[in-house]
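Heads up, my_file.txt below (compact mmCIF, C-alpha atoms):
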```
# COMPACT_ATOMS: atom_id res chain seq x y z
CA MET A 50 24.71 -11.48 11.97
CA ILE A 51 21.72 -13.49 13.09
CA LYS A 52 21.74 -15.33 16.39
CA VAL A 53 19.22 -17.90 17.61
CA VAL A 54 18.33 -16.81 21.13
CA ARG A 55 15.78 -19.42 22.10
CA GLY A 56 14.97 -22.87 20.78
CA ASN A 57 16.79 -25.24 18.51
CA PRO A 58 15.72 -24.69 14.88
CA THR A 59 16.29 -27.33 12.27
CA PRO A 60 18.50 -26.42 9.31
CA GLU A 61 15.36 -26.13 7.15
CA GLU A 62 13.67 -23.74 9.58
CA LEU A 63 16.81 -21.62 9.81
CA ALA A 64 17.13 -21.54 6.01
CA ALA A 65 13.47 -20.47 5.68
CA ALA A 66 13.94 -17.66 8.21
CA LEU A 67 17.08 -16.44 6.44
CA ALA A 68 15.32 -16.52 3.07
CA VAL A 69 12.58 -14.26 4.43
CA VAL A 70 15.14 -11.83 5.88
CA GLN A 71 17.06 -11.73 2.60
CA ALA A 72 13.90 -11.19 0.54
CA ARG A 73 12.84 -8.30 2.77
CA ALA A 74 16.28 -6.73 2.54
CA ALA A 75 16.29 -7.05 -1.26
CA ALA A 76 12.82 -5.50 -1.53
CA ARG A 77 13.86 -2.64 0.73
CA ALA A 78 17.01 -2.00 -1.29
CA GLN A 79 15.00 -1.97 -4.51
CA ALA A 80 12.45 0.45 -3.06
CA ASP A 81 15.21 2.79 -1.87
CA ALA A 82 16.91 2.88 -5.28
CA PRO A 83 17.34 6.47 -6.52
CA GLY A 84 15.33 7.51 -9.54
CA ASP A 85 12.54 5.04 -8.96
CA GLU A 86 9.19 6.58 -8.20
CA PRO A 87 6.91 4.45 -6.03
CA ALA A 88 3.79 3.17 -7.75
CA ARG A 89 0.77 5.28 -6.93
CA PRO A 90 -2.39 3.35 -6.19
CA GLU A 91 -5.20 3.91 -8.68
CA TRP A 92 -7.61 5.10 -6.00
CA ALA A 93 -5.29 8.04 -5.21
CA SER A 94 -4.89 9.11 -8.82
CA PRO A 95 -6.04 12.67 -9.54
CA ALA A 96 -6.89 11.58 -13.08
CA ARG A 97 -9.40 9.08 -11.70
CA ARG A 98 -11.14 11.79 -9.75
CA ALA A 99 -11.24 14.01 -12.84
CA ARG A 100 -12.74 11.19 -14.93
CA ASN A 101 -15.47 10.63 -12.38
CA ALA A 102 -16.14 14.30 -11.72
CA ARG A 103 -19.64 15.49 -12.31
CA ALA A 104 -21.41 18.73 -11.64
CA HIS A 105 -23.19 18.72 -8.32
CA ALA A 106 -26.29 20.74 -7.87
CA PRO A 107 -26.17 22.97 -4.82
CA GLY A 108 -28.53 22.02 -2.07
CA PRO A 109 -28.82 20.89 1.52
CA ARG A 110 -27.59 17.34 0.78
CA ALA A 111 -25.10 18.05 -2.02
CA TRP A 112 -22.17 17.19 0.29
CA ARG A 113 -23.45 13.60 0.57
CA THR A 114 -23.04 12.89 -3.13
CA SER A 115 -19.84 14.85 -3.65
CA TYR A 116 -17.65 11.77 -3.18
CA TRP A 117 -19.78 9.21 -5.03
CA PRO A 118 -18.36 7.85 -8.29
CA ALA A 119 -20.19 8.85 -11.45
```

Represent the structure contained in this file as structure tokens.
Amino acid sequence: MIKVVRGNPTPEELAAALAVVQARAAARAQADAPGDEPARPEWASPARRARNARAHAPGPRAWRTSYWPA
């Protein structure tokens, strides 16, 4: 149940607000569906880090380049 607490929205404004609420609820229900694994962003992929891995020479500033892409 949705209740307008303040103001007097037009039917179009109320319909737009309800559409947003329904879209958010549908997206939430889809995300919570069992068996679906959330998409992992590419920047967090271990395979990406392995592709860009390179041998770092030991030295006083080796830590600075340890995160740079190849």

Listed atoms of segment 66-73 of chain A boxed axis-aligned with 8 Å per side, centre + edges as lines of an AutoDock Vina configuration file:
```
center_x = 14.8
center_y = -13.0
center_z = 4.4
size_x = 20.5
size_y = 25.4
size_z = 23.7
```

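Reported to one decimal place, the separation of atom CA of Ile51 of chain A from atom CA of Ala78 of chain A is 19.0 Å.
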
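If you look at atom CA of Met50 of chain A and atom CA of Gln71 of chain A, they are 12.1 Å away from each other.
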